[in-house]
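File shown: query.csv. Contents: CSV, C-alpha atoms.
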chain,number,residue,atom,x,y,z
A,1,MET,CA,0.4,-39.1,-114.7
A,2,HIS,CA,-1.6,-41.0,-117.3
A,3,ARG,CA,1.4,-43.1,-118.1
A,4,ALA,CA,2.0,-43.8,-114.4
A,5,PHE,CA,-1.6,-45.1,-113.9
A,6,ALA,CA,-1.4,-47.1,-117.1
A,7,ALA,CA,1.9,-48.7,-115.9
A,8,GLY,CA,0.3,-49.6,-112.5
A,9,SER,CA,2.6,-47.4,-110.4
A,10,ASP,CA,1.8,-47.6,-106.7
A,11,THR,CA,-0.7,-45.1,-105.4
A,12,GLN,CA,1.5,-43.9,-102.6
A,13,GLN,CA,4.2,-42.7,-105.0
A,14,MET,CA,1.6,-41.0,-107.2
A,15,TRP,CA,0.1,-39.2,-104.2
A,16,GLU,CA,3.6,-37.9,-103.2
A,17,LEU,CA,4.2,-36.6,-106.7
A,18,LEU,CA,0.8,-34.8,-106.7
A,19,GLN,CA,1.7,-33.3,-103.3
A,20,MET,CA,5.0,-32.1,-104.6
A,21,ASN,CA,3.3,-30.4,-107.6
A,22,CYS,CA,0.6,-28.9,-105.5
A,23,LEU,CA,3.3,-27.2,-103.4
A,24,ARG,CA,4.5,-25.4,-106.5
A,25,ALA,CA,1.2,-23.5,-106.8
A,26,PRO,CA,1.7,-19.9,-105.8
A,27,LYS,CA,0.1,-19.1,-102.5
A,28,GLU,CA,-2.3,-16.2,-102.3
A,29,LYS,CA,-0.7,-13.4,-100.4
A,30,VAL,CA,-2.7,-11.8,-97.7
A,31,ALA,CA,-2.3,-8.0,-97.5
A,32,GLU,CA,-0.7,-6.9,-94.3
A,33,PRO,CA,-2.1,-3.9,-92.4
A,34,VAL,CA,-0.1,-0.8,-93.1
A,35,PRO,CA,1.1,0.7,-89.9
A,36,VAL,CA,-0.3,4.2,-89.2
A,37,GLU,CA,2.0,6.8,-87.7
A,38,PRO,CA,0.5,8.4,-84.6
A,39,PRO,CA,0.0,12.1,-84.5
A,40,VAL,CA,3.0,14.1,-83.4
A,41,ASP,CA,1.0,15.7,-80.6
A,42,ALA,CA,0.2,12.3,-79.2
A,43,LEU,CA,3.8,11.3,-79.1
A,44,LYS,CA,4.8,14.5,-77.3
A,45,SER,CA,2.1,14.2,-74.7
A,46,GLY,CA,2.8,10.6,-74.0
A,47,GLU,CA,-0.8,9.6,-74.7
A,48,PRO,CA,-1.5,6.1,-75.8
A,49,THR,CA,-2.0,5.6,-79.5
A,50,GLN,CA,-3.6,3.0,-81.8
A,51,GLU,CA,-1.3,0.8,-83.8
A,52,GLY,CA,-2.2,-2.4,-85.6
A,53,GLY,CA,-5.5,-2.7,-83.8
A,54,ARG,CA,-3.9,-2.4,-80.3
A,55,THR,CA,-3.1,0.4,-77.9
A,56,VAL,CA,0.6,1.3,-77.6
A,57,SER,CA,2.1,3.9,-75.2
A,58,ARG,CA,4.9,6.2,-76.2
A,59,GLY,CA,7.4,4.4,-73.9
A,60,ALA,CA,6.5,1.0,-75.2
A,61,ARG,CA,6.8,2.2,-78.8
A,62,SER,CA,10.2,3.6,-78.2
A,63,GLN,CA,11.4,0.4,-76.5
A,64,ALA,CA,10.1,-1.7,-79.4
A,65,SER,CA,11.8,0.5,-82.0
A,66,GLN,CA,15.1,0.3,-80.1
A,67,ALA,CA,14.9,-3.5,-79.8
A,68,GLN,CA,14.1,-3.8,-83.5
A,69,ALA,CA,17.0,-1.6,-84.4
A,70,GLU,CA,19.4,-3.7,-82.4
A,71,GLN,CA,18.3,-7.0,-84.0
A,72,PRO,CA,20.3,-8.1,-87.1
A,73,ALA,CA,18.5,-7.7,-90.4
A,74,ARG,CA,16.5,-10.8,-91.3
A,75,LYS,CA,17.7,-12.4,-94.6
A,76,LEU,CA,15.1,-12.7,-97.3
A,77,PRO,CA,14.3,-16.1,-98.8
A,78,ALA,CA,16.2,-15.2,-102.0
A,79,GLU,CA,19.3,-14.4,-100.0
A,80,GLU,CA,19.0,-17.7,-98.1
A,81,LYS,CA,18.8,-19.6,-101.4
A,82,LEU,CA,22.1,-18.1,-102.5
A,83,ARG,CA,23.8,-20.1,-99.8
A,84,VAL,CA,22.8,-23.4,-101.5
A,85,PRO,CA,25.3,-24.5,-104.2
A,86,SER,CA,23.9,-24.5,-107.8
A,87,ARG,CA,24.9,-28.2,-108.2
A,88,CYS,CA,25.2,-30.7,-105.4
A,89,CYS,CA,26.3,-34.3,-105.0
A,90,LEU,CA,26.7,-37.1,-102.6
A,91,ASP,CA,30.4,-37.9,-102.5
A,92,LEU,CA,31.4,-41.3,-101.3
A,93,GLN,CA,34.0,-41.0,-98.6
A,94,ASP,CA,35.6,-44.4,-98.9
A,95,GLY,CA,35.7,-44.6,-102.6
A,96,HIS,CA,35.6,-42.7,-105.9
A,97,HIS,CA,31.9,-42.2,-106.6
A,98,ARG,CA,30.2,-38.9,-106.9
A,99,ILE,CA,26.4,-38.8,-107.4
A,100,ALA,CA,25.1,-35.6,-108.9
A,101,LEU,CA,21.7,-34.5,-107.7
A,102,SER,CA,19.2,-32.9,-110.0
A,103,PRO,CA,17.7,-29.6,-108.8
A,104,THR,CA,14.2,-31.0,-109.5
A,105,GLY,CA,12.8,-34.5,-109.6
A,106,GLN,CA,14.0,-37.5,-107.6
A,107,ILE,CA,16.5,-40.3,-107.9
A,108,LEU,CA,16.4,-43.7,-106.3
A,109,LEU,CA,19.5,-45.1,-104.6
A,110,GLY,CA,19.9,-48.8,-104.2
A,111,ARG,CA,21.3,-52.1,-105.6
A,112,PHE,CA,20.6,-53.6,-109.0
A,113,ASP,CA,18.9,-57.0,-108.8
A,114,PRO,CA,17.3,-58.2,-112.1
A,115,ALA,CA,15.8,-61.2,-110.4
A,116,ALA,CA,13.8,-59.0,-108.1
A,117,ARG,CA,13.2,-56.4,-110.8
A,118,ALA,CA,15.1,-53.8,-108.8
A,119,ASN,CA,16.7,-51.3,-111.1
A,120,PRO,CA,17.5,-48.1,-109.1
A,121,ASP,CA,18.5,-44.8,-110.8
A,122,VAL,CA,21.9,-45.0,-109.0
A,123,ASP,CA,23.4,-48.5,-108.5
A,124,LEU,CA,25.6,-48.9,-105.5
A,125,SER,CA,26.4,-52.6,-106.1
A,126,PHE,CA,30.1,-52.2,-106.7
A,127,ASP,CA,30.5,-49.8,-103.8
A,128,ASP,CA,28.8,-52.3,-101.5
A,129,ARG,CA,30.4,-55.5,-103.0
A,130,ARG,CA,32.2,-56.3,-99.7
A,131,ASP,CA,29.7,-55.2,-97.0
A,132,HIS,CA,26.3,-56.1,-98.5
A,133,VAL,CA,24.4,-53.5,-96.5
A,134,ILE,CA,22.7,-51.6,-99.3
A,135,SER,CA,19.1,-52.5,-99.9
A,136,ARG,CA,17.6,-52.9,-103.4
A,137,ARG,CA,15.5,-49.8,-102.8
A,138,HIS,CA,17.4,-48.0,-100.0
A,139,ALA,CA,16.7,-44.3,-100.2
A,140,ARG,CA,15.7,-41.6,-102.5
A,141,VAL,CA,16.7,-37.9,-102.9
A,142,ILE,CA,14.1,-35.4,-103.9
A,143,GLY,CA,15.1,-32.1,-105.5
A,144,TYR,CA,12.8,-29.1,-105.2
A,145,GLU,CA,13.9,-25.7,-106.5
A,146,GLY,CA,17.5,-26.4,-105.8
A,147,PHE,CA,17.0,-27.9,-102.4
A,148,HIS,CA,17.3,-31.6,-101.6
A,149,LEU,CA,15.5,-33.9,-99.2
A,150,ILE,CA,16.5,-37.5,-98.4
A,151,GLU,CA,14.1,-40.3,-97.5
A,152,ASP,CA,14.7,-43.8,-96.3
A,153,LEU,CA,12.5,-46.4,-98.2
A,154,GLY,CA,12.4,-49.0,-95.5
A,155,SER,CA,16.0,-50.2,-96.0
A,156,THR,CA,17.3,-53.1,-93.8
A,157,ASN,CA,20.4,-51.2,-92.4
A,158,GLY,CA,18.9,-47.7,-92.4
A,159,THR,CA,19.8,-44.2,-93.6
A,160,MET,CA,21.3,-41.6,-91.3
A,161,VAL,CA,22.1,-37.9,-91.6
A,162,ASN,CA,24.8,-36.6,-89.3
A,163,GLY,CA,24.4,-39.8,-87.1
A,164,LYS,CA,20.6,-39.5,-86.8
A,165,ARG,CA,18.7,-42.4,-88.2
A,166,LEU,CA,15.7,-41.5,-90.4
A,167,LYS,CA,12.3,-43.1,-89.8
A,168,ILE,CA,10.8,-44.9,-92.8
A,169,GLY,CA,9.1,-42.2,-95.0
A,170,GLN,CA,10.7,-39.3,-93.1
A,171,LYS,CA,12.0,-36.6,-95.5
A,172,LEU,CA,14.9,-34.6,-94.1
A,173,PRO,CA,16.3,-31.5,-95.9
A,174,LEU,CA,20.1,-31.6,-96.6
A,175,GLN,CA,22.5,-28.8,-96.0
A,176,PRO,CA,26.1,-28.5,-97.4
A,177,GLY,CA,28.4,-30.5,-95.2
A,178,ASP,CA,25.9,-33.0,-94.0
A,179,LEU,CA,27.1,-36.6,-93.7
A,180,VAL,CA,24.7,-39.1,-95.2
A,181,THR,CA,25.2,-42.8,-94.2
A,182,LEU,CA,23.6,-45.6,-96.2
A,183,GLY,CA,24.1,-48.8,-94.2
A,184,ASN,CA,27.7,-48.1,-93.3
A,185,HIS,CA,28.8,-46.2,-96.4
A,186,GLU,CA,29.3,-42.4,-95.8
A,187,PHE,CA,28.5,-39.8,-98.4
A,188,LEU,CA,29.3,-36.1,-98.0
A,189,TYR,CA,26.6,-33.7,-99.3
A,190,LYS,CA,28.6,-31.0,-101.1
A,191,SER,CA,28.9,-28.8,-104.2
A,192,ILE,CA,30.1,-30.2,-107.5
A,193,PRO,CA,31.4,-28.1,-110.4
A,194,ARG,CA,30.2,-28.3,-113.9
A,195,MET,CA,32.5,-29.6,-116.5
A,196,SER,CA,33.1,-26.1,-117.9
A,197,GLU,CA,34.0,-24.9,-114.3
A,198,ALA,CA,36.5,-27.7,-113.5
A,199,SER,CA,40.1,-26.6,-113.3
A,200,GLY,CA,43.0,-28.2,-115.2
A,201,SER,CA,43.5,-29.1,-118.8
A,202,GLY,CA,43.2,-32.4,-120.7
A,203,PRO,CA,40.7,-34.2,-118.4
A,204,ARG,CA,40.4,-38.0,-118.9
A,205,VAL,CA,36.7,-38.4,-119.2
A,206,TYR,CA,35.2,-41.9,-118.6
A,207,LEU,CA,32.2,-43.9,-117.9
A,208,TRP,CA,32.3,-46.7,-115.3
A,209,VAL,CA,29.8,-49.5,-114.7
A,210,ALA,CA,28.3,-49.2,-111.3
A,211,PHE,CA,27.5,-52.9,-111.2
A,212,THR,CA,31.0,-54.2,-111.9
A,213,GLY,CA,33.3,-51.2,-111.5
A,214,HIS,CA,34.7,-51.5,-115.1
A,215,ARG,CA,35.8,-48.2,-116.6
A,216,PHE,CA,35.6,-47.1,-120.2
A,217,SER,CA,37.3,-44.0,-121.6
A,218,LEU,CA,35.4,-41.6,-123.8
A,219,PRO,CA,36.8,-40.0,-126.9
A,220,SER,CA,37.4,-36.2,-126.9
A,221,TRP,CA,35.8,-35.9,-130.4
A,222,GLY,CA,33.5,-38.0,-132.7
A,223,GLU,CA,30.9,-40.5,-131.6
A,224,VAL,CA,30.8,-43.9,-129.9
A,225,ILE,CA,28.0,-46.4,-129.7
A,226,ILE,CA,27.3,-48.0,-126.3
A,227,GLY,CA,25.6,-51.4,-126.3
A,228,ARG,CA,26.0,-55.1,-126.4
A,229,SER,CA,27.8,-57.1,-129.0
A,230,ASP,CA,26.0,-59.7,-131.1
A,231,LEU,CA,28.3,-62.0,-133.1
A,232,VAL,CA,25.3,-63.6,-134.9
A,233,VAL,CA,24.7,-60.4,-136.8
A,234,GLY,CA,28.4,-59.3,-136.6
A,235,PHE,CA,27.9,-56.2,-134.5
A,236,ILE,CA,30.3,-54.9,-131.9
A,237,PRO,CA,29.7,-51.5,-130.4
A,238,GLY,CA,32.4,-49.0,-129.6
A,239,ILE,CA,31.8,-49.6,-125.8
A,240,ASP,CA,30.7,-53.2,-125.4
A,241,LEU,CA,28.7,-53.9,-122.2
A,242,GLY,CA,28.2,-57.6,-123.1
A,243,ALA,CA,30.6,-58.7,-120.4
A,244,GLU,CA,29.0,-56.8,-117.5
A,245,GLU,CA,27.5,-59.9,-115.9
A,246,GLU,CA,23.8,-59.7,-115.2
A,247,ALA,CA,23.7,-56.0,-116.1
A,248,ALA,CA,24.4,-56.8,-119.7
A,249,ASN,CA,21.0,-58.5,-120.1
A,250,VAL,CA,19.1,-55.2,-119.9
A,251,VAL,CA,21.3,-53.4,-122.5
A,252,ALA,CA,20.3,-53.2,-126.1
A,253,ARG,CA,22.7,-53.9,-129.0
A,254,ARG,CA,22.6,-50.2,-129.9
A,255,HIS,CA,21.5,-48.6,-126.7
A,256,VAL,CA,22.9,-45.0,-126.7
A,257,LYS,CA,25.2,-42.9,-128.7
A,258,ILE,CA,27.7,-40.6,-127.0
A,259,SER,CA,28.9,-37.7,-129.1
A,260,ALA,CA,31.8,-35.3,-128.3
A,261,SER,CA,31.7,-31.7,-129.3
A,262,ASP,CA,33.7,-28.7,-128.1
A,263,GLY,CA,35.1,-30.7,-125.2
A,264,ARG,CA,31.6,-31.7,-124.0
A,265,HIS,CA,29.7,-35.1,-124.2
A,266,TYR,CA,26.1,-35.6,-125.2
A,267,VAL,CA,24.0,-38.7,-124.9
A,268,GLU,CA,21.2,-39.9,-127.2
A,269,ASP,CA,19.0,-42.9,-127.0
A,270,MET,CA,19.0,-45.0,-130.1
A,271,GLY,CA,15.6,-46.6,-129.7
A,272,SER,CA,16.5,-49.1,-127.0
A,273,VAL,CA,13.8,-51.5,-125.8
A,274,ASN,CA,14.3,-50.8,-122.0
A,275,GLY,CA,14.9,-47.0,-122.4
A,276,THR,CA,17.5,-44.6,-121.1
A,277,LYS,CA,17.4,-42.2,-118.2
A,278,LEU,CA,19.8,-39.4,-117.2
A,279,ASN,CA,19.8,-38.7,-113.4
A,280,GLY,CA,16.4,-40.4,-113.2
A,281,THR,CA,14.8,-38.4,-116.0
A,282,PRO,CA,13.9,-40.3,-119.2
A,283,VAL,CA,15.8,-39.4,-122.4
A,284,GLY,CA,13.5,-39.6,-125.4
A,285,ILE,CA,14.5,-41.1,-128.7
A,286,GLY,CA,16.4,-38.5,-130.7
A,287,GLU,CA,16.8,-36.2,-127.7
A,288,ARG,CA,20.3,-35.1,-126.7
A,289,GLY,CA,21.3,-34.8,-123.0
A,290,LEU,CA,24.4,-32.9,-121.9
A,291,LEU,CA,26.6,-34.9,-119.5
A,292,GLU,CA,28.0,-33.2,-116.4
A,293,LEU,CA,30.4,-34.5,-113.7
A,294,GLY,CA,28.7,-37.0,-111.4
A,295,ASP,CA,25.8,-37.7,-113.8
A,296,HIS,CA,24.4,-41.3,-114.0
A,297,LEU,CA,23.1,-42.9,-117.2
A,298,TRP,CA,20.5,-45.6,-116.7
A,299,LEU,CA,20.4,-48.2,-119.5
A,300,GLY,CA,17.5,-50.3,-118.8
A,301,GLY,CA,18.9,-50.9,-115.3
A,302,CYS,CA,22.6,-51.0,-116.1
A,303,VAL,CA,23.9,-47.8,-114.6
A,304,LEU,CA,27.0,-45.9,-115.9
A,305,ALA,CA,28.6,-43.1,-113.9
A,306,TYR,CA,30.1,-40.1,-115.9
A,307,ASP,CA,33.1,-38.5,-114.4
A,308,ALA,CA,36.7,-37.2,-115.2
A,309,GLU,CA,40.1,-37.0,-113.7
A,310,TRP,CA,43.0,-34.6,-114.3

Is it possible to express this structure as structure tokens?
Amino acid sequence: MHRAFAAGSDTQQMWELLQMNCLRAPKEKVAEPVPVEPPVDALKSGEPTQEGGRTVSRGARSQASQAQAEQPARKLPAEEKLRVPSRCCLDLQDGHHRIALSPTGQILLGRFDPAARANPDVDLSFDDRRDHVISRRHARVIGYEGFHLIEDLGSTNGTMVNGKRLKIGQKLPLQPGDLVTLGNHEFLYKSIPRMSEASGSGPRVYLWVAFTGHRFSLPSWGEVIIGRSDLVVGFIPGIDLGAEEEAANVVARRHVKISASDGRHYVEDMGSVNGTKLNGTPVGIGERGLLELGDHLWLGGCVLAYDAEW
């Protein structure tokens, strides 16, 4: 929070984060009154009995018990949570773009525009290259204990869930199978497997630039540096983002390192000026983040999507 105030983050966003954290505080449970069984003699005689602070006759008690027995058992909150997939994504229906959603925290969906200093966590520029209906700050998805809510941020062409347009600032919970529309681009809210759970052998793992659509294959072993070439000092990284138009300007020469181990890929920031985020969460210098299908790497504003095909 100290860093947010020092950076001049807007008060509204800070207040919402404080609200979210306050919701995590455990609520004090109020002891419920223990029902007292009436005496056997009172039931036989049909006399009214006291139950829960009110008078109940024998006939009313029998009818209530029978009605309760006929009702289906109410599912506990823990059982209801089991119906929500452990990993969810927004899957673009008219393209090949899966956006993995974190169980906690939030990600901003929009369009990269360095001139306006708009650098969302997930860049939809390439998906929207023909229609131009995605706003710079279009919507955000908030994760809370495995559940997700979506909020429109005042986009020009709106955000809809199952055909219903959201009001600005309205947060709507998502359920598996929901159809989320940003502008006129439809995304299906669905489960997404982890890399270890994906079927098939010999996947072709790749990163693709969300601003231009260019794809770069990742090695199955060893390390690769992702950055921007500098011929003055004679440096060319393993994956050169120097040709990614305006997005290249926010990428450091040595921005991140991707290392492959046991068929998995890990990302590590190499001290870049503009920083690195994984699904909206900052990656500290020297920290290693495990990459999963649908993850998005934010390199100062240039966004790379991690995925695979078999």

d(CA of Leu166 (chain A), CA of Ala100 (chain A)) in Å: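 The value is 21.6 Å.
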
Within 9 Å of Gln170 (chain A) using all atoms listed in the file, minus same-chain residues under 5 positions, as a list in words: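 So the residues in contact are Ile150, Glu151, Asp152 and Leu153 of chain A.
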
Selected residues written out with C-alpha atoms, as a PDB file, in the frame of the given file:
ATOM      1  CA  ILE A 150      16.500 -37.500 -98.400  1.00  0.00           C
ATOM      2  CA  GLU A 151      14.100 -40.300 -97.500  1.00  0.00           C
ATOM      3  CA  ASP A 152      14.700 -43.800 -96.300  1.00  0.00           C
ATOM      4  CA  LEU A 153      12.500 -46.400 -98.200  1.00  0.00           C
TER       5      LEU A 153
END

For Pro203 (chain A): contacts at 7 Å, only C-alpha atoms, fewer than 6 positions along chain excluded, given as a ChimeraX atom specification: /A:308-310

Atom pair CA of Asn274 (chain A) / CA of His255 (chain A): separation (Å):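 Taking CA of Asn274 (chain A) and CA of His255 (chain A), their separation equals 8.9 Å.
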
Selection near region 177-186 of chain A, 8 Å with all atoms listed in the file, sequence-local residues under 6 positions removed, as a VMD selection string: chain A and resid 90 92 to 94 128 133 to 134 138 157 to 163

Spatial neighbours of Val251 (chain A), 9 Å, all atoms listed in the file, chain gap at least 5 places, as a list in words: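 Once the nearby chain positions are removed, what remains is Ile226, Gly227, Arg228, Leu241, Gly242, Ser272, Val273, Asn274, Leu299, Gly300, Gly301 and Cys302 of chain A.
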
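As for CA of Pro219 (chain A) and CA of Val267 (chain A), they are spaced 13.0 Å apart.
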
Counting all atoms listed in the file, the option among A:Ala247, A:Arg87, A:Tyr144, A:Arg111 closest to His132 (chain A):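 Result for the nearest residue to His132 (chain A): A:Arg111.
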
Spatial neighbours of Asp123 (chain A), max dist 9 Å, all atoms listed in the file, sep filter under 5 positions, as number ranges by chain: A: 108-112, 136, 209-211, 301-304
